[in-house]
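**Student:** Next up is a structure, given as structure tokens.
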Amino acid sequence: MEINTERLRIFPVTLDLAQTLMKNSLAFYYQYQLPWNKNWPHDGLKAMLPIYTERLENNAGEMGFGPWVMIDAAGEHVIGDIGFKGSPDEDGNIEIGYHVVASERNAGYASEAVGELCRWAFTKNGVEGIEAQCDKGNIPSQKVLINNGFSHTGRSQDILVFKKEKARNDHKQNSYKAKE
């Protein structure tokens, strides 16, 4: 399973890849023949990998509803990661999150990846809405969400909540296909 755009290669973290990233992230860079970036994987991804690994071990259907790696299309460097915080809940909602390494920010990679991953998610059974949270001071991230059709739906202290609903025609059309 992989999503390719003109500028990005986005692929889900498999069980093997999660274990590699947890044990020795340098092995990831060696495996994909990428130059090492000391800022990736970031602490947030490292913290959630054990939880994701356990979910994936118990249910292979979780694949795709966890973290995905973003590298440039030429395969020369890590852009960051993007992904979901689990399978759809009882209302069909999933939550998306993303992180772009500092050296690659403000180049449109997050917007591109969010758009592609939302299209992928809406082709999956049970996904009716995608939610996101971001700090009220993180204007670039807010722009990423708004530019991808998310609406501001709430606030919890300094965290803004956004949501994108599945369009009615998305129920009938599953024209988006990633390489499976």
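So you can find residues: chains in the structure tokens are A, B, ... in the order shown, residues in each start at 1, and ligands are numbered from 1 in order.
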Within region 121-158 of chain A, find each residue whose DSSP state, derived from the backbone, is strand (DSSP E or B), and express the selection as a VMD selection string.
**Tutor:** chain A and resid 129 to 135 151 to 156
**Student:** Find the residues around Thr14 (chain A) up to 12 Å (only C-alpha atoms counted), leave out those fewer than 5 positions away in its own chain, and share them as a PyMOL selection string.
**Tutor:** chain A and resi 1-2+19-21+49+52-57+60-69
**Student:** I need the residue nearest Lys143 (chain A) from this list: A:Asn106, A:Gln33, A:Ser87, A:Thr5. Use only C-alpha atoms for the distance.
**Tutor:** A:Asn106
**Student:** I need the residues in region 27-127 of chain A that are helix (DSSP H, G or I) according to DSSP; give them as a PDB file with all heavy atoms, in the first residue's frame.
**Tutor:**
```pdb
ATOM      1  N   ALA A  27      18.561   2.178  11.320  1.00  0.00           N
ATOM      2  CA  ALA A  27      18.341   1.050  10.412  1.00  0.00           C
ATOM      3  C   ALA A  27      17.307   1.401   9.339  1.00  0.00           C
ATOM      4  O   ALA A  27      17.398   0.932   8.203  1.00  0.00           O
ATOM      5  CB  ALA A  27      17.895  -0.183  11.190  1.00  0.00           C
ATOM      6  N   PHE A  28      16.330   2.237   9.701  1.00  0.00           N
ATOM      7  CA  PHE A  28      15.364   2.713   8.705  1.00  0.00           C
ATOM      8  C   PHE A  28      16.087   3.465   7.602  1.00  0.00           C
ATOM      9  O   PHE A  28      15.864   3.238   6.422  1.00  0.00           O
ATOM     10  CB  PHE A  28      14.308   3.604   9.361  1.00  0.00           C
ATOM     11  CG  PHE A  28      13.548   4.460   8.383  1.00  0.00           C
ATOM     12  CD1 PHE A  28      12.474   3.941   7.671  1.00  0.00           C
ATOM     13  CD2 PHE A  28      13.920   5.780   8.147  1.00  0.00           C
ATOM     14  CE1 PHE A  28      11.784   4.719   6.750  1.00  0.00           C
ATOM     15  CE2 PHE A  28      13.241   6.565   7.232  1.00  0.00           C
ATOM     16  CZ  PHE A  28      12.172   6.030   6.531  1.00  0.00           C
ATOM     17  N   TYR A  29      16.951   4.391   7.982  1.00  0.00           N
ATOM     18  CA  TYR A  29      17.679   5.198   7.006  1.00  0.00           C
ATOM     19  C   TYR A  29      18.572   4.331   6.123  1.00  0.00           C
ATOM     20  O   TYR A  29      18.687   4.559   4.920  1.00  0.00           O
ATOM     21  CB  TYR A  29      18.500   6.286   7.711  1.00  0.00           C
ATOM     22  CG  TYR A  29      17.635   7.390   8.253  1.00  0.00           C
ATOM     23  CD1 TYR A  29      17.197   7.390   9.567  1.00  0.00           C
ATOM     24  CD2 TYR A  29      17.233   8.431   7.432  1.00  0.00           C
ATOM     25  CE1 TYR A  29      16.389   8.400  10.058  1.00  0.00           C
ATOM     26  CE2 TYR A  29      16.419   9.450   7.907  1.00  0.00           C
ATOM     27  CZ  TYR A  29      16.008   9.426   9.222  1.00  0.00           C
ATOM     28  OH  TYR A  29      15.202  10.428   9.690  1.00  0.00           O
ATOM     29  N   TYR A  30      19.182   3.308   6.719  1.00  0.00           N
ATOM     30  CA  TYR A  30      20.011   2.384   5.963  1.00  0.00           C
ATOM     31  C   TYR A  30      19.154   1.575   4.984  1.00  0.00           C
ATOM     32  O   TYR A  30      19.483   1.444   3.808  1.00  0.00           O
ATOM     33  CB  TYR A  30      20.772   1.451   6.914  1.00  0.00           C
ATOM     34  CG  TYR A  30      21.645   0.468   6.191  1.00  0.00           C
ATOM     35  CD1 TYR A  30      22.872   0.852   5.655  1.00  0.00           C
ATOM     36  CD2 TYR A  30      21.245  -0.852   6.038  1.00  0.00           C
ATOM     37  CE1 TYR A  30      23.671  -0.053   4.973  1.00  0.00           C
ATOM     38  CE2 TYR A  30      22.036  -1.772   5.365  1.00  0.00           C
ATOM     39  CZ  TYR A  30      23.252  -1.365   4.831  1.00  0.00           C
ATOM     40  OH  TYR A  30      24.035  -2.261   4.155  1.00  0.00           O
ATOM     41  N   GLN A  31      18.025   1.063   5.467  1.00  0.00           N
ATOM     42  CA  GLN A  31      17.138   0.235   4.645  1.00  0.00           C
ATOM     43  C   GLN A  31      16.633   0.997   3.420  1.00  0.00           C
ATOM     44  O   GLN A  31      16.559   0.453   2.334  1.00  0.00           O
ATOM     45  CB  GLN A  31      15.958  -0.248   5.487  1.00  0.00           C
ATOM     46  CG  GLN A  31      14.950  -1.090   4.732  1.00  0.00           C
ATOM     47  CD  GLN A  31      13.782  -1.511   5.615  1.00  0.00           C
ATOM     48  OE1 GLN A  31      13.820  -1.374   6.837  1.00  0.00           O
ATOM     49  NE2 GLN A  31      12.742  -2.037   5.014  1.00  0.00           N
ATOM     50  N   ASP A  43       9.758  12.747  18.742  1.00  0.00           N
ATOM     51  CA  ASP A  43       9.354  12.135  20.012  1.00  0.00           C
ATOM     52  C   ASP A  43       7.901  11.674  20.024  1.00  0.00           C
ATOM     53  O   ASP A  43       7.578  10.637  20.601  1.00  0.00           O
ATOM     54  CB  ASP A  43       9.600  13.098  21.170  1.00  0.00           C
ATOM     55  CG  ASP A  43      11.088  13.309  21.430  1.00  0.00           C
ATOM     56  OD1 ASP A  43      11.900  12.470  20.998  1.00  0.00           O
ATOM     57  OD2 ASP A  43      11.428  14.323  22.065  1.00  0.00           O
ATOM     58  N   GLY A  44       7.001  12.436  19.384  1.00  0.00           N
ATOM     59  CA  GLY A  44       5.591  12.043  19.351  1.00  0.00           C
ATOM     60  C   GLY A  44       5.385  10.717  18.641  1.00  0.00           C
ATOM     61  O   GLY A  44       4.614   9.862  19.096  1.00  0.00           O
ATOM     62  N   LEU A  45       6.074  10.531  17.519  1.00  0.00           N
ATOM     63  CA  LEU A  45       5.968   9.268  16.784  1.00  0.00           C
ATOM     64  C   LEU A  45       6.577   8.135  17.597  1.00  0.00           C
ATOM     65  O   LEU A  45       5.988   7.054  17.705  1.00  0.00           O
ATOM     66  CB  LEU A  45       6.648   9.381  15.419  1.00  0.00           C
ATOM     67  CG  LEU A  45       6.617   8.133  14.540  1.00  0.00           C
ATOM     68  CD1 LEU A  45       5.189   7.688  14.237  1.00  0.00           C
ATOM     69  CD2 LEU A  45       7.391   8.376  13.247  1.00  0.00           C
ATOM     70  N   LYS A  46       7.720   8.381  18.190  1.00  0.00           N
ATOM     71  CA  LYS A  46       8.366   7.343  19.011  1.00  0.00           C
ATOM     72  C   LYS A  46       7.460   6.906  20.159  1.00  0.00           C
ATOM     73  O   LYS A  46       7.421   5.722  20.499  1.00  0.00           O
ATOM     74  CB  LYS A  46       9.688   7.863  19.579  1.00  0.00           C
ATOM     75  CG  LYS A  46      10.778   8.019  18.557  1.00  0.00           C
ATOM     76  CD  LYS A  46      12.031   8.522  19.265  1.00  0.00           C
ATOM     77  CE  LYS A  46      12.993   9.168  18.332  1.00  0.00           C
ATOM     78  NZ  LYS A  46      14.136   9.762  19.047  1.00  0.00           N
ATOM     79  N   ALA A  47       6.744   7.852  20.748  1.00  0.00           N
ATOM     80  CA  ALA A  47       5.865   7.537  21.875  1.00  0.00           C
ATOM     81  C   ALA A  47       4.665   6.699  21.467  1.00  0.00           C
ATOM     82  O   ALA A  47       4.196   5.854  22.235  1.00  0.00           O
ATOM     83  CB  ALA A  47       5.398   8.825  22.556  1.00  0.00           C
ATOM     84  N   MET A  48       4.146   6.927  20.255  1.00  0.00           N
ATOM     85  CA  MET A  48       2.942   6.194  19.864  1.00  0.00           C
ATOM     86  C   MET A  48       3.232   4.868  19.165  1.00  0.00           C
ATOM     87  O   MET A  48       2.344   4.032  19.044  1.00  0.00           O
ATOM     88  CB  MET A  48       2.018   7.074  19.021  1.00  0.00           C
ATOM     89  CG  MET A  48       2.527   7.450  17.652  1.00  0.00           C
ATOM     90  SD  MET A  48       2.144   6.308  16.311  1.00  0.00           S
ATOM     91  CE  MET A  48       0.398   6.201  16.404  1.00  0.00           C
ATOM     92  N   LEU A  49       4.456   4.637  18.727  1.00  0.00           N
ATOM     93  CA  LEU A  49       4.766   3.391  18.011  1.00  0.00           C
ATOM     94  C   LEU A  49       4.489   2.123  18.822  1.00  0.00           C
ATOM     95  O   LEU A  49       3.941   1.170  18.255  1.00  0.00           O
ATOM     96  CB  LEU A  49       6.208   3.403  17.493  1.00  0.00           C
ATOM     97  CG  LEU A  49       6.421   4.212  16.216  1.00  0.00           C
ATOM     98  CD1 LEU A  49       7.915   4.329  15.905  1.00  0.00           C
ATOM     99  CD2 LEU A  49       5.672   3.622  15.041  1.00  0.00           C
ATOM    100  N   PRO A  50       4.807   2.058  20.107  1.00  0.00           N
ATOM    101  CA  PRO A  50       4.480   0.831  20.853  1.00  0.00           C
ATOM    102  C   PRO A  50       2.971   0.556  20.894  1.00  0.00           C
ATOM    103  O   PRO A  50       2.542  -0.593  20.777  1.00  0.00           O
ATOM    104  CB  PRO A  50       5.033   1.096  22.250  1.00  0.00           C
ATOM    105  CG  PRO A  50       6.088   2.134  22.053  1.00  0.00           C
ATOM    106  CD  PRO A  50       5.605   2.983  20.906  1.00  0.00           C
ATOM    107  N   ILE A  51       2.173   1.598  21.030  1.00  0.00           N
ATOM    108  CA  ILE A  51       0.718   1.439  21.067  1.00  0.00           C
ATOM    109  C   ILE A  51       0.212   0.967  19.707  1.00  0.00           C
ATOM    110  O   ILE A  51      -0.585   0.033  19.604  1.00  0.00           O
ATOM    111  CB  ILE A  51       0.044   2.772  21.466  1.00  0.00           C
ATOM    112  CG1 ILE A  51       0.511   3.179  22.863  1.00  0.00           C
ATOM    113  CG2 ILE A  51      -1.473   2.684  21.388  1.00  0.00           C
ATOM    114  CD1 ILE A  51       0.273   4.626  23.204  1.00  0.00           C
ATOM    115  N   TYR A  52       0.716   1.607  18.656  1.00  0.00           N
ATOM    116  CA  TYR A  52       0.327   1.229  17.292  1.00  0.00           C
ATOM    117  C   TYR A  52       0.753  -0.211  16.998  1.00  0.00           C
ATOM    118  O   TYR A  52      -0.019  -0.987  16.417  1.00  0.00           O
ATOM    119  CB  TYR A  52       0.957   2.200  16.292  1.00  0.00           C
ATOM    120  CG  TYR A  52       0.819   1.765  14.857  1.00  0.00           C
ATOM    121  CD1 TYR A  52      -0.428   1.744  14.242  1.00  0.00           C
ATOM    122  CD2 TYR A  52       1.922   1.375  14.115  1.00  0.00           C
ATOM    123  CE1 TYR A  52      -0.571   1.342  12.913  1.00  0.00           C
ATOM    124  CE2 TYR A  52       1.791   0.987  12.789  1.00  0.00           C
ATOM    125  CZ  TYR A  52       0.548   0.964  12.194  1.00  0.00           C
ATOM    126  OH  TYR A  52       0.415   0.567  10.894  1.00  0.00           O
ATOM    127  N   THR A  53       1.954  -0.588  17.405  1.00  0.00           N
ATOM    128  CA  THR A  53       2.456  -1.939  17.159  1.00  0.00           C
ATOM    129  C   THR A  53       1.548  -2.978  17.807  1.00  0.00           C
ATOM    130  O   THR A  53       1.208  -3.987  17.188  1.00  0.00           O
ATOM    131  CB  THR A  53       3.903  -2.079  17.691  1.00  0.00           C
ATOM    132  OG1 THR A  53       4.724  -1.120  17.029  1.00  0.00           O
ATOM    133  CG2 THR A  53       4.457  -3.454  17.454  1.00  0.00           C
ATOM    134  N   GLU A  54       1.129  -2.699  19.031  1.00  0.00           N
ATOM    135  CA  GLU A  54       0.236  -3.628  19.720  1.00  0.00           C
ATOM    136  C   GLU A  54      -1.105  -3.743  18.989  1.00  0.00           C
ATOM    137  O   GLU A  54      -1.637  -4.843  18.812  1.00  0.00           O
ATOM    138  CB  GLU A  54       0.018  -3.173  21.160  1.00  0.00           C
ATOM    139  CG  GLU A  54      -0.812  -4.141  21.978  1.00  0.00           C
ATOM    140  CD  GLU A  54      -0.946  -3.725  23.430  1.00  0.00           C
ATOM    141  OE1 GLU A  54      -0.035  -3.057  23.949  1.00  0.00           O
ATOM    142  OE2 GLU A  54      -1.976  -4.073  24.028  1.00  0.00           O
ATOM    143  N   ARG A  55      -1.650  -2.608  18.550  1.00  0.00           N
ATOM    144  CA  ARG A  55      -2.914  -2.640  17.802  1.00  0.00           C
ATOM    145  C   ARG A  55      -2.759  -3.442  16.512  1.00  0.00           C
ATOM    146  O   ARG A  55      -3.637  -4.229  16.149  1.00  0.00           O
ATOM    147  CB  ARG A  55      -3.377  -1.217  17.468  1.00  0.00           C
ATOM    148  CG  ARG A  55      -3.964  -0.464  18.616  1.00  0.00           C
ATOM    149  CD  ARG A  55      -4.662   0.846  18.230  1.00  0.00           C
ATOM    150  NE  ARG A  55      -4.506   1.294  16.877  1.00  0.00           N
ATOM    151  CZ  ARG A  55      -3.940   2.442  16.508  1.00  0.00           C
ATOM    152  NH1 ARG A  55      -3.465   3.281  17.402  1.00  0.00           N
ATOM    153  NH2 ARG A  55      -3.862   2.776  15.241  1.00  0.00           N
ATOM    154  N   LEU A  56      -1.652  -3.234  15.816  1.00  0.00           N
ATOM    155  CA  LEU A  56      -1.411  -3.923  14.542  1.00  0.00           C
ATOM    156  C   LEU A  56      -1.202  -5.420  14.746  1.00  0.00           C
ATOM    157  O   LEU A  56      -1.658  -6.230  13.934  1.00  0.00           O
ATOM    158  CB  LEU A  56      -0.204  -3.292  13.845  1.00  0.00           C
ATOM    159  CG  LEU A  56      -0.059  -3.477  12.351  1.00  0.00           C
ATOM    160  CD1 LEU A  56      -1.320  -3.067  11.612  1.00  0.00           C
ATOM    161  CD2 LEU A  56       1.124  -2.671  11.840  1.00  0.00           C
ATOM    162  N   GLU A  57      -0.536  -5.793  15.830  1.00  0.00           N
ATOM    163  CA  GLU A  57      -0.346  -7.218  16.137  1.00  0.00           C
ATOM    164  C   GLU A  57      -1.680  -7.901  16.398  1.00  0.00           C
ATOM    165  O   GLU A  57      -1.861  -9.068  16.045  1.00  0.00           O
ATOM    166  CB  GLU A  57       0.559  -7.384  17.367  1.00  0.00           C
ATOM    167  CG  GLU A  57       2.007  -7.107  17.077  1.00  0.00           C
ATOM    168  CD  GLU A  57       2.885  -7.128  18.323  1.00  0.00           C
ATOM    169  OE1 GLU A  57       2.371  -6.892  19.436  1.00  0.00           O
ATOM    170  OE2 GLU A  57       4.084  -7.353  18.161  1.00  0.00           O
ATOM    171  N   ASN A  58      -2.621  -7.181  16.997  1.00  0.00           N
ATOM    172  CA  ASN A  58      -3.927  -7.751  17.339  1.00  0.00           C
ATOM    173  C   ASN A  58      -4.936  -7.678  16.207  1.00  0.00           C
ATOM    174  O   ASN A  58      -5.928  -8.404  16.229  1.00  0.00           O
ATOM    175  CB  ASN A  58      -4.497  -7.048  18.574  1.00  0.00           C
ATOM    176  CG  ASN A  58      -3.685  -7.342  19.818  1.00  0.00           C
ATOM    177  OD1 ASN A  58      -3.134  -8.430  19.955  1.00  0.00           O
ATOM    178  ND2 ASN A  58      -3.588  -6.374  20.707  1.00  0.00           N
ATOM    179  N   ALA A  60      -4.735  -6.898  11.927  1.00  0.00           N
ATOM    180  CA  ALA A  60      -4.060  -6.459  10.694  1.00  0.00           C
ATOM    181  C   ALA A  60      -4.867  -5.392   9.959  1.00  0.00           C
ATOM    182  O   ALA A  60      -4.318  -4.635   9.160  1.00  0.00           O
ATOM    183  CB  ALA A  60      -3.809  -7.659   9.782  1.00  0.00           C
ATOM    184  N   GLY A  61      -6.168  -5.300  10.251  1.00  0.00           N
ATOM    185  CA  GLY A  61      -7.030  -4.290   9.637  1.00  0.00           C
ATOM    186  C   GLY A  61      -6.685  -2.872  10.061  1.00  0.00           C
ATOM    187  O   GLY A  61      -7.176  -1.905   9.483  1.00  0.00           O
ATOM    188  N   GLU A  62      -5.849  -2.726  11.079  1.00  0.00           N
ATOM    189  CA  GLU A  62      -5.393  -1.401  11.521  1.00  0.00           C
ATOM    190  C   GLU A  62      -4.417  -0.775  10.529  1.00  0.00           C
ATOM    191  O   GLU A  62      -4.163   0.419  10.585  1.00  0.00           O
ATOM    192  CB  GLU A  62      -4.718  -1.497  12.892  1.00  0.00           C
ATOM    193  CG  GLU A  62      -5.671  -1.716  14.033  1.00  0.00           C
ATOM    194  CD  GLU A  62      -6.455  -0.463  14.401  1.00  0.00           C
ATOM    195  OE1 GLU A  62      -5.918   0.653  14.338  1.00  0.00           O
ATOM    196  OE2 GLU A  62      -7.630  -0.621  14.751  1.00  0.00           O
ATOM    197  N   ALA A 102      11.623  20.113  10.230  1.00  0.00           N
ATOM    198  CA  ALA A 102      11.806  21.565  10.141  1.00  0.00           C
ATOM    199  C   ALA A 102      12.397  22.014   8.810  1.00  0.00           C
ATOM    200  O   ALA A 102      11.966  23.021   8.235  1.00  0.00           O
ATOM    201  CB  ALA A 102      12.665  22.056  11.298  1.00  0.00           C
ATOM    202  N   SER A 103      13.343  21.262   8.289  1.00  0.00           N
ATOM    203  CA  SER A 103      14.010  21.671   7.043  1.00  0.00           C
ATOM    204  C   SER A 103      13.106  21.597   5.817  1.00  0.00           C
ATOM    205  O   SER A 103      13.453  22.132   4.767  1.00  0.00           O
ATOM    206  CB  SER A 103      15.260  20.817   6.817  1.00  0.00           C
ATOM    207  OG  SER A 103      14.907  19.450   6.707  1.00  0.00           O
ATOM    208  N   GLU A 104      11.944  20.949   5.939  1.00  0.00           N
ATOM    209  CA  GLU A 104      11.042  20.771   4.790  1.00  0.00           C
ATOM    210  C   GLU A 104       9.731  21.534   4.933  1.00  0.00           C
ATOM    211  O   GLU A 104       8.841  21.408   4.087  1.00  0.00           O
ATOM    212  CB  GLU A 104      10.740  19.277   4.597  1.00  0.00           C
ATOM    213  CG  GLU A 104      11.964  18.414   4.377  1.00  0.00           C
ATOM    214  CD  GLU A 104      12.742  18.774   3.119  1.00  0.00           C
ATOM    215  OE1 GLU A 104      12.137  19.292   2.167  1.00  0.00           O
ATOM    216  OE2 GLU A 104      13.961  18.529   3.104  1.00  0.00           O
ATOM    217  N   TYR A 109       4.230  20.424   1.548  1.00  0.00           N
ATOM    218  CA  TYR A 109       4.195  18.969   1.695  1.00  0.00           C
ATOM    219  C   TYR A 109       3.046  18.514   2.598  1.00  0.00           C
ATOM    220  O   TYR A 109       2.379  17.519   2.302  1.00  0.00           O
ATOM    221  CB  TYR A 109       5.515  18.437   2.256  1.00  0.00           C
ATOM    222  CG  TYR A 109       6.672  18.528   1.295  1.00  0.00           C
ATOM    223  CD1 TYR A 109       7.815  19.246   1.626  1.00  0.00           C
ATOM    224  CD2 TYR A 109       6.634  17.878   0.066  1.00  0.00           C
ATOM    225  CE1 TYR A 109       8.894  19.322   0.753  1.00  0.00           C
ATOM    226  CE2 TYR A 109       7.707  17.942  -0.810  1.00  0.00           C
ATOM    227  CZ  TYR A 109       8.835  18.668  -0.461  1.00  0.00           C
ATOM    228  OH  TYR A 109       9.887  18.737  -1.321  1.00  0.00           O
ATOM    229  N   ALA A 110       2.821  19.203   3.700  1.00  0.00           N
ATOM    230  CA  ALA A 110       1.747  18.802   4.616  1.00  0.00           C
ATOM    231  C   ALA A 110       0.391  18.903   3.920  1.00  0.00           C
ATOM    232  O   ALA A 110      -0.431  17.990   4.021  1.00  0.00           O
ATOM    233  CB  ALA A 110       1.768  19.647   5.882  1.00  0.00           C
ATOM    234  N   SER A 111       0.153  19.993   3.194  1.00  0.00           N
ATOM    235  CA  SER A 111      -1.122  20.147   2.476  1.00  0.00           C
ATOM    236  C   SER A 111      -1.325  19.025   1.475  1.00  0.00           C
ATOM    237  O   SER A 111      -2.410  18.444   1.376  1.00  0.00           O
ATOM    238  CB  SER A 111      -1.171  21.495   1.759  1.00  0.00           C
ATOM    239  OG  SER A 111      -1.285  22.535   2.687  1.00  0.00           O
ATOM    240  N   GLU A 112      -0.287  18.725   0.740  1.00  0.00           N
ATOM    241  CA  GLU A 112      -0.358  17.663  -0.270  1.00  0.00           C
ATOM    242  C   GLU A 112      -0.646  16.312   0.379  1.00  0.00           C
ATOM    243  O   GLU A 112      -1.526  15.560  -0.071  1.00  0.00           O
ATOM    244  CB  GLU A 112       0.974  17.630  -1.021  1.00  0.00           C
ATOM    245  CG  GLU A 112       1.016  16.736  -2.221  1.00  0.00           C
ATOM    246  CD  GLU A 112       2.325  16.891  -2.987  1.00  0.00           C
ATOM    247  OE1 GLU A 112       2.961  17.967  -2.951  1.00  0.00           O
ATOM    248  OE2 GLU A 112       2.706  15.898  -3.640  1.00  0.00           O
ATOM    249  N   ALA A 113       0.057  16.003   1.448  1.00  0.00           N
ATOM    250  CA  ALA A 113      -0.101  14.712   2.114  1.00  0.00           C
ATOM    251  C   ALA A 113      -1.462  14.594   2.796  1.00  0.00           C
ATOM    252  O   ALA A 113      -2.108  13.540   2.717  1.00  0.00           O
ATOM    253  CB  ALA A 113       1.023  14.504   3.126  1.00  0.00           C
ATOM    254  N   VAL A 114      -1.921  15.659   3.448  1.00  0.00           N
ATOM    255  CA  VAL A 114      -3.237  15.631   4.096  1.00  0.00           C
ATOM    256  C   VAL A 114      -4.319  15.377   3.053  1.00  0.00           C
ATOM    257  O   VAL A 114      -5.210  14.549   3.246  1.00  0.00           O
ATOM    258  CB  VAL A 114      -3.508  16.924   4.895  1.00  0.00           C
ATOM    259  CG1 VAL A 114      -4.977  17.039   5.281  1.00  0.00           C
ATOM    260  CG2 VAL A 114      -2.628  16.975   6.137  1.00  0.00           C
ATOM    261  N   GLY A 115      -4.254  16.067   1.928  1.00  0.00           N
ATOM    262  CA  GLY A 115      -5.239  15.872   0.870  1.00  0.00           C
ATOM    263  C   GLY A 115      -5.273  14.442   0.367  1.00  0.00           C
ATOM    264  O   GLY A 115      -6.344  13.840   0.222  1.00  0.00           O
ATOM    265  N   GLU A 116      -4.103  13.879   0.129  1.00  0.00           N
ATOM    266  CA  GLU A 116      -4.029  12.504  -0.392  1.00  0.00           C
ATOM    267  C   GLU A 116      -4.499  11.482   0.641  1.00  0.00           C
ATOM    268  O   GLU A 116      -5.224  10.548   0.296  1.00  0.00           O
ATOM    269  CB  GLU A 116      -2.600  12.178  -0.832  1.00  0.00           C
ATOM    270  CG  GLU A 116      -2.144  12.965  -2.037  1.00  0.00           C
ATOM    271  CD  GLU A 116      -2.973  12.712  -3.280  1.00  0.00           C
ATOM    272  OE1 GLU A 116      -3.410  11.557  -3.514  1.00  0.00           O
ATOM    273  OE2 GLU A 116      -3.175  13.672  -4.042  1.00  0.00           O
ATOM    274  N   LEU A 117      -4.102  11.660   1.887  1.00  0.00           N
ATOM    275  CA  LEU A 117      -4.502  10.684   2.895  1.00  0.00           C
ATOM    276  C   LEU A 117      -5.997  10.776   3.203  1.00  0.00           C
ATOM    277  O   LEU A 117      -6.642   9.756   3.457  1.00  0.00           O
ATOM    278  CB  LEU A 117      -3.667  10.850   4.169  1.00  0.00           C
ATOM    279  CG  LEU A 117      -3.350   9.542   4.883  1.00  0.00           C
ATOM    280  CD1 LEU A 117      -2.686   8.525   3.976  1.00  0.00           C
ATOM    281  CD2 LEU A 117      -2.503   9.783   6.104  1.00  0.00           C
ATOM    282  N   CYS A 118      -6.569  11.970   3.132  1.00  0.00           N
ATOM    283  CA  CYS A 118      -8.027  12.101   3.296  1.00  0.00           C
ATOM    284  C   CYS A 118      -8.758  11.395   2.165  1.00  0.00           C
ATOM    285  O   CYS A 118      -9.743  10.687   2.403  1.00  0.00           O
ATOM    286  CB  CYS A 118      -8.428  13.574   3.364  1.00  0.00           C
ATOM    287  SG  CYS A 118      -7.994  14.383   4.910  1.00  0.00           S
ATOM    288  N   ARG A 119      -8.279  11.575   0.940  1.00  0.00           N
ATOM    289  CA  ARG A 119      -8.905  10.874  -0.197  1.00  0.00           C
ATOM    290  C   ARG A 119      -8.831   9.362   0.010  1.00  0.00           C
ATOM    291  O   ARG A 119      -9.802   8.646  -0.231  1.00  0.00           O
ATOM    292  CB  ARG A 119      -8.243  11.284  -1.513  1.00  0.00           C
ATOM    293  CG  ARG A 119      -8.782  12.587  -2.066  1.00  0.00           C
ATOM    294  CD  ARG A 119      -8.280  12.877  -3.479  1.00  0.00           C
ATOM    295  NE  ARG A 119      -6.941  13.439  -3.504  1.00  0.00           N
ATOM    296  CZ  ARG A 119      -6.643  14.687  -3.160  1.00  0.00           C
ATOM    297  NH1 ARG A 119      -7.576  15.503  -2.756  1.00  0.00           N
ATOM    298  NH2 ARG A 119      -5.405  15.116  -3.230  1.00  0.00           N
ATOM    299  N   TRP A 120      -7.678   8.877   0.453  1.00  0.00           N
ATOM    300  CA  TRP A 120      -7.522   7.445   0.704  1.00  0.00           C
ATOM    301  C   TRP A 120      -8.514   7.000   1.772  1.00  0.00           C
ATOM    302  O   TRP A 120      -9.213   5.999   1.607  1.00  0.00           O
ATOM    303  CB  TRP A 120      -6.081   7.146   1.152  1.00  0.00           C
ATOM    304  CG  TRP A 120      -5.869   5.725   1.537  1.00  0.00           C
ATOM    305  CD1 TRP A 120      -5.555   4.681   0.712  1.00  0.00           C
ATOM    306  CD2 TRP A 120      -6.001   5.158   2.853  1.00  0.00           C
ATOM    307  NE1 TRP A 120      -5.481   3.520   1.429  1.00  0.00           N
ATOM    308  CE2 TRP A 120      -5.743   3.781   2.746  1.00  0.00           C
ATOM    309  CE3 TRP A 120      -6.313   5.691   4.107  1.00  0.00           C
ATOM    310  CZ2 TRP A 120      -5.791   2.922   3.840  1.00  0.00           C
ATOM    311  CZ3 TRP A 120      -6.357   4.840   5.200  1.00  0.00           C
ATOM    312  CH2 TRP A 120      -6.090   3.464   5.059  1.00  0.00           C
ATOM    313  N   ALA A 121      -8.591   7.731   2.883  1.00  0.00           N
ATOM    314  CA  ALA A 121      -9.440   7.330   4.007  1.00  0.00           C
ATOM    315  C   ALA A 121     -10.912   7.270   3.623  1.00  0.00           C
ATOM    316  O   ALA A 121     -11.630   6.357   4.049  1.00  0.00           O
ATOM    317  CB  ALA A 121      -9.235   8.291   5.181  1.00  0.00           C
TER     318      ALA A 121
END
```
**Student:** Give me, as JSON, numbers by chain, all polymer residues having an atom no more than 12 Å from Glu165 (chain A), counting only C-alpha atoms and skipping those fewer than 4 positions away in the same chain.
**Tutor:** {"A": [91, 92, 93, 94, 95, 118, 119, 121, 122, 127, 128, 129, 130, 131, 132, 148, 149, 150, 151, 152, 153, 169, 170, 171]}
**Student:** Counting only C-alpha atoms, which residue out of A:His77, A:Lys23, A:Lys124, A:Arg9 sits closest to Pro35 (chain A)?
**Tutor:** A:His77
**Student:** Could you tell me how far CA of Ala74 (chain A) lies from CA of Ile10 (chain A), in Å and to one decimal?
**Tutor:**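 CA of Ile10 (chain A) lies 11.9 Å from CA of Ala74 (chain A).
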**Student:** State, in Å with one decimal place, the distance from CA of Gly75 (chain A) to CA of Ser141 (chain A).
**Tutor:**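 Taking CA of Gly75 (chain A) as the start and CA of Ser141 (chain A) as the end point, the length is 24.7 Å.
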**Student:** With distances taken over only C-alpha atoms, which of A:Val13, A:Val101, A:Ala73, A:Ile146 is nearest to Asn39 (chain A)?
**Tutor:**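 Smallest separation from Asn39 (chain A) among the options: A:Val101.
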